[in-house]
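See below for the structure under consideration.
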Amino acid sequence: MIDTASFSSAAIVSGRSQIKVRTCVSLHHFWTIATPERSWFVYKRSKSKRKQKCPSVIRSKNPIESENSMEEQDRNQGLSRRTFLGRSSAALAGAALPVAAAGQQTKDTSGDGHTGVNEQQPGPRNPVLDQAEPDSVYPPTTDAGGQPPFKYPFSFAHKRIEAAGWTRQVTVRDFPISKKVAGVEMRLVKGGIRELHWHLGAEWALMTAGSARITAVDHKGRGFVEDVNEGDLWLFPGGIPHSIQGLGPDGCQFLLVFDDGNFNEFETFLLTDWLHHTPREVLSKNFNTTDATFRNVPARELFIFARELPRPLGEEKEEVYAGTGEVPNSFAFFTSKMQPTKVTAGGSIKIIDRANFPATNIAAAIVTLRPGGLRELHWHPNEDEWQYYVKGTGRMTVFSAGGHARTMDFHAGDVGYIERSKPHYIENLGDTDLIFLEVFPTPEYQDISLSEWLAHTPHRLVDEHIGTGEEFLRKISKKKQVTTPV
């Protein structure tokens, strides 16, 4: 039973369910209370408190005429969705009813202070999260339910802290939508070592602070050793053993990305762990030495531990390349020295895939958006997209087939995930640059932009769909912009 008395500043009107015309066009999107026998509509009283005849029950044989009539009455009465929410929000006080899309408002562009009683939250709330996630608290009116969350902050992840650094991960176990990709953040102090190890999935990495020495050996015994700095990246194929060590003066921090959503940083193949679980007599036979050689093998994994800084790079290169030489394609890529692939007034993008980094089987882009800049409307046809936000704040809307769309806010350290071919955009709403990564578990970077699609489709056909006029369509750039404004 609906308590109509609770709607103290509203009138309640009932309409028989068999009335087939669209009812309360400008209002029912927000509060249509359906019962098996009738529908209820809440609408605003006039200032004179005289009951108004609800435009929702006007019948017309012509539904377009009826809707136009309703819109005209709304204008005459000063009604709009925003004025209705602001002036008559007390109508919902104390009402226990399902609200289909309450509060579907954008945070910046409307100037709405969201002070209506219908938008207040007198019960428990988390003001810190609400302030950080305004597009979830008050979604844009274009959002529609059904799209699962596509964001997970690294700040939510458990951090394993060792004497020489720390690590934490975001996997499909934490972030269910991230089925194909997992991410790890790691910090190593000066001299801190991520133990010699390997794993099944490929490891793509970006240095986010400091500098490090990385080493690896491929399946033909060819060695690799290199120093990388902030902004540089590396790729170790699955099964390739490797190590990472923080250099001076303050070690390093980096992001690791794996082409396996179920990856577990705490269950990799570790050198010490393997040797500890192998009998000494087997080890001595394998290396043609005595058992005593292995008496100092640790009784437990080292994982992250501190030692002296490595020898000079040139000296170590000479040592590891002896006999078999170096790997034919470097596992390091010096992105910090790379010129942007595309630059516009809205920002820039650096694309790294097998075309310019032969060792990689993971494609990526580093995107910088200026304040107010937009990563244009687009989608990726060949693989899911895993994102990492390095700096700044922004928002992203993802559209899903079936009329579902959702907007979420992103900050430094957040992870985003967009399933293959789902269109989206990223907008910088802050006053500093927004920098984020797009990472794909595929060797080739591909995207399709909305503007490029429309520009290369017959103009008449497009105009017949969206009614913009062919003159507008002729002005669209024939090449993707990536970031806007141009």
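Simple scheme: letters A, B, ... for chains in structure tokens order, numbers from 1 for residues in each chain, numbers from 1 for ligands in the order shown.
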
Write out as a ChimeraX atom specification all residues of segment 316-368 of chain A that DSSP puts in helix (DSSP H, G or I) for this structure's backbone. /A:316-320,335-337

For the residues in the current selection, export C-alpha atoms as a PDB file, in the first residue's frame.
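Listing of again.pdb after writing:
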ATOM      1  CA  GLU A 316      77.407  -6.644 -16.053  1.00  0.00           C
ATOM      2  CA  LYS A 317      76.516  -6.578 -19.746  1.00  0.00           C
ATOM      3  CA  GLU A 318      79.904  -8.014 -20.631  1.00  0.00           C
ATOM      4  CA  GLU A 319      79.420 -10.732 -18.018  1.00  0.00           C
ATOM      5  CA  VAL A 320      75.927 -11.884 -19.054  1.00  0.00           C
ATOM      6  CA  THR A 335      59.358   5.603 -23.790  1.00  0.00           C
ATOM      7  CA  SER A 336      60.782   8.662 -22.034  1.00  0.00           C
ATOM      8  CA  LYS A 337      62.780   9.370 -25.207  1.00  0.00           C
TER       9      LYS A 337
END

As an exercise, work out the distance from atom CA of Ile214 of chain A to atom CA of His277 of chain A in Å and give it to one decimal place. 26.1 Å

Quick one: residues within 10 Å of Thr324 of chain A, only C-alpha atoms counted, chain neighbours fewer than 6 positions away excluded, as a PDB file with C-alpha atoms, in the first residue's frame?
ATOM      1  CA  LYS A 220      68.521 -19.769 -26.053  1.00  0.00           C
ATOM      2  CA  GLY A 221      70.565 -18.639 -23.087  1.00  0.00           C
ATOM      3  CA  ARG A 222      71.008 -15.137 -24.428  1.00  0.00           C
ATOM      4  CA  GLY A 223      71.323 -12.520 -21.721  1.00  0.00           C
TER       5      GLY A 223
END

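Summary of the local environment: counting only C-alpha atoms, residues at most 9 Å from segment 472-483 of chain A, other than itself and those fewer than 6 positions away along its chain, are Lys342, Val343, Thr344, Ala345, Gly346, Gly347, Ser348, Ile349, Val367, Thr368, Leu369, Gly373, Leu374, Arg375, Glu376, Leu377, His378, Ile448, Ser449, Leu450, Ser451, Glu452, Trp453, Leu454, Ala455, His456, His459, Val462 and Asp463 of chain A.
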
Kindly save the residues from that selection, with N, CA and C atoms included, as a PDB file, in the first residue's frame.
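Written file, again_2.pdb:
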ATOM      1  N   LYS A 342      50.790  11.207 -31.697  1.00  0.00           N
ATOM      2  CA  LYS A 342      49.812  12.201 -32.144  1.00  0.00           C
ATOM      3  C   LYS A 342      49.728  13.296 -31.092  1.00  0.00           C
ATOM      4  N   VAL A 343      49.689  14.552 -31.547  1.00  0.00           N
ATOM      5  CA  VAL A 343      49.572  15.693 -30.645  1.00  0.00           C
ATOM      6  C   VAL A 343      48.473  16.619 -31.152  1.00  0.00           C
ATOM      7  N   THR A 344      47.571  17.030 -30.259  1.00  0.00           N
ATOM      8  CA  THR A 344      46.566  18.049 -30.573  1.00  0.00           C
ATOM      9  C   THR A 344      46.533  19.033 -29.409  1.00  0.00           C
ATOM     10  N   ALA A 345      45.693  20.061 -29.544  1.00  0.00           N
ATOM     11  CA  ALA A 345      45.544  21.018 -28.449  1.00  0.00           C
ATOM     12  C   ALA A 345      44.977  20.352 -27.205  1.00  0.00           C
ATOM     13  N   GLY A 346      44.255  19.238 -27.394  1.00  0.00           N
ATOM     14  CA  GLY A 346      43.647  18.547 -26.265  1.00  0.00           C
ATOM     15  C   GLY A 346      44.579  17.623 -25.532  1.00  0.00           C
ATOM     16  N   GLY A 347      45.734  17.282 -26.147  1.00  0.00           N
ATOM     17  CA  GLY A 347      46.660  16.375 -25.479  1.00  0.00           C
ATOM     18  C   GLY A 347      47.503  15.606 -26.473  1.00  0.00           C
ATOM     19  N   SER A 348      48.019  14.457 -26.028  1.00  0.00           N
ATOM     20  CA  SER A 348      48.910  13.672 -26.874  1.00  0.00           C
ATOM     21  C   SER A 348      48.779  12.195 -26.524  1.00  0.00           C
ATOM     22  N   ILE A 349      49.317  11.347 -27.418  1.00  0.00           N
ATOM     23  CA  ILE A 349      49.294   9.905 -27.195  1.00  0.00           C
ATOM     24  C   ILE A 349      50.585   9.296 -27.729  1.00  0.00           C
ATOM     25  N   VAL A 367      48.466   8.130 -22.664  1.00  0.00           N
ATOM     26  CA  VAL A 367      47.635   9.259 -23.086  1.00  0.00           C
ATOM     27  C   VAL A 367      47.775  10.402 -22.095  1.00  0.00           C
ATOM     28  N   THR A 368      47.987  11.603 -22.608  1.00  0.00           N
ATOM     29  CA  THR A 368      48.004  12.819 -21.799  1.00  0.00           C
ATOM     30  C   THR A 368      46.884  13.729 -22.277  1.00  0.00           C
ATOM     31  N   LEU A 369      45.977  14.090 -21.388  1.00  0.00           N
ATOM     32  CA  LEU A 369      44.891  15.016 -21.709  1.00  0.00           C
ATOM     33  C   LEU A 369      45.101  16.334 -20.969  1.00  0.00           C
ATOM     34  N   GLY A 373      40.494  18.534 -21.904  1.00  0.00           N
ATOM     35  CA  GLY A 373      40.691  17.676 -23.065  1.00  0.00           C
ATOM     36  C   GLY A 373      39.851  16.408 -22.995  1.00  0.00           C
ATOM     37  N   LEU A 374      39.627  15.806 -24.153  1.00  0.00           N
ATOM     38  CA  LEU A 374      38.787  14.628 -24.274  1.00  0.00           C
ATOM     39  C   LEU A 374      39.505  13.560 -25.092  1.00  0.00           C
ATOM     40  N   ARG A 375      39.578  12.346 -24.560  1.00  0.00           N
ATOM     41  CA  ARG A 375      39.966  11.189 -25.385  1.00  0.00           C
ATOM     42  C   ARG A 375      38.730  10.834 -26.162  1.00  0.00           C
ATOM     43  N   GLU A 376      38.760  11.096 -27.470  1.00  0.00           N
ATOM     44  CA  GLU A 376      37.547  11.103 -28.275  1.00  0.00           C
ATOM     45  C   GLU A 376      36.749   9.802 -28.175  1.00  0.00           C
ATOM     46  N   LEU A 377      35.469   9.896 -28.481  1.00  0.00           N
ATOM     47  CA  LEU A 377      34.586   8.733 -28.495  1.00  0.00           C
ATOM     48  C   LEU A 377      35.140   7.678 -29.449  1.00  0.00           C
ATOM     49  N   HIS A 378      35.321   6.447 -28.925  1.00  0.00           N
ATOM     50  CA  HIS A 378      35.984   5.411 -29.716  1.00  0.00           C
ATOM     51  C   HIS A 378      35.733   4.053 -29.090  1.00  0.00           C
ATOM     52  N   ILE A 448      38.885   2.435 -33.184  1.00  0.00           N
ATOM     53  CA  ILE A 448      38.003   3.040 -34.177  1.00  0.00           C
ATOM     54  C   ILE A 448      37.324   4.221 -33.510  1.00  0.00           C
ATOM     55  N   SER A 449      37.461   5.392 -34.098  1.00  0.00           N
ATOM     56  CA  SER A 449      36.852   6.587 -33.510  1.00  0.00           C
ATOM     57  C   SER A 449      35.487   6.841 -34.138  1.00  0.00           C
ATOM     58  N   LEU A 450      34.603   7.411 -33.353  1.00  0.00           N
ATOM     59  CA  LEU A 450      33.272   7.759 -33.848  1.00  0.00           C
ATOM     60  C   LEU A 450      33.368   8.747 -34.998  1.00  0.00           C
ATOM     61  N   SER A 451      34.213   9.754 -34.861  1.00  0.00           N
ATOM     62  CA  SER A 451      34.307  10.776 -35.910  1.00  0.00           C
ATOM     63  C   SER A 451      34.830  10.187 -37.211  1.00  0.00           C
ATOM     64  N   GLU A 452      35.833   9.318 -37.129  1.00  0.00           N
ATOM     65  CA  GLU A 452      36.384   8.716 -38.343  1.00  0.00           C
ATOM     66  C   GLU A 452      35.351   7.804 -39.012  1.00  0.00           C
ATOM     67  N   TRP A 453      34.595   7.082 -38.233  1.00  0.00           N
ATOM     68  CA  TRP A 453      33.529   6.227 -38.763  1.00  0.00           C
ATOM     69  C   TRP A 453      32.505   7.055 -39.531  1.00  0.00           C
ATOM     70  N   LEU A 454      32.032   8.136 -38.897  1.00  0.00           N
ATOM     71  CA  LEU A 454      31.004   8.959 -39.539  1.00  0.00           C
ATOM     72  C   LEU A 454      31.546   9.685 -40.759  1.00  0.00           C
ATOM     73  N   ALA A 455      32.810  10.115 -40.690  1.00  0.00           N
ATOM     74  CA  ALA A 455      33.399  10.861 -41.802  1.00  0.00           C
ATOM     75  C   ALA A 455      33.543  10.003 -43.052  1.00  0.00           C
ATOM     76  N   HIS A 456      33.677   8.684 -42.891  1.00  0.00           N
ATOM     77  CA  HIS A 456      33.896   7.797 -44.033  1.00  0.00           C
ATOM     78  C   HIS A 456      32.669   6.938 -44.345  1.00  0.00           C
ATOM     79  N   HIS A 459      27.348  10.629 -46.283  1.00  0.00           N
ATOM     80  CA  HIS A 459      26.786  11.673 -45.434  1.00  0.00           C
ATOM     81  C   HIS A 459      25.264  11.615 -45.352  1.00  0.00           C
ATOM     82  N   VAL A 462      24.278   8.920 -42.897  1.00  0.00           N
ATOM     83  CA  VAL A 462      24.487   9.303 -41.498  1.00  0.00           C
ATOM     84  C   VAL A 462      23.447  10.321 -41.063  1.00  0.00           C
ATOM     85  N   ASP A 463      23.183  11.311 -41.922  1.00  0.00           N
ATOM     86  CA  ASP A 463      22.194  12.341 -41.583  1.00  0.00           C
ATOM     87  C   ASP A 463      20.816  11.733 -41.374  1.00  0.00           C
TER      88      ASP A 463
END

Show which residues sit within 10 Å of segment 149-162 of chain A, as a PyMOL selection string. Count only C-alpha atoms, and ignore same-chain residues fewer than 2 positions away. chain A and resi 146-147+164-171+174-178+183-188+192+266+302-306+386-389+396-398+406-419

Write out as JSON, numbers by chain the set of residues from segment 337-378 of chain A that DSSP, computed on the backbone, places in strand (DSSP E). {"A": [342, 343, 344, 347, 348, 349, 350, 351, 352, 363, 364, 365, 366, 367, 368, 369, 374, 375, 376, 377, 378]}

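Of the residues listed (A:Phe236, A:Tyr425, A:Tyr445, A:Phe294), A:Phe294 shows the shortest atom-to-atom separation from Pro279 of chain A; distances use only C-alpha atoms.
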
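Comparing the minimum interatomic distances between Lys350 of chain A and each of A:Leu461, A:Ala163, A:Ile366, A:Val189, counting only C-alpha atoms, we find that A:Ile366 sits nearest.
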
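For the choices A:Glu226, A:Glu438, A:Asp273, A:Glu119, the atom-to-atom distance to Ser330 of chain A is smallest for A:Glu226 when using only C-alpha atoms.
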
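Here atom CA of Ile244 of chain A stands at a distance of 5.8 Å from atom CA of Arg213 of chain A.
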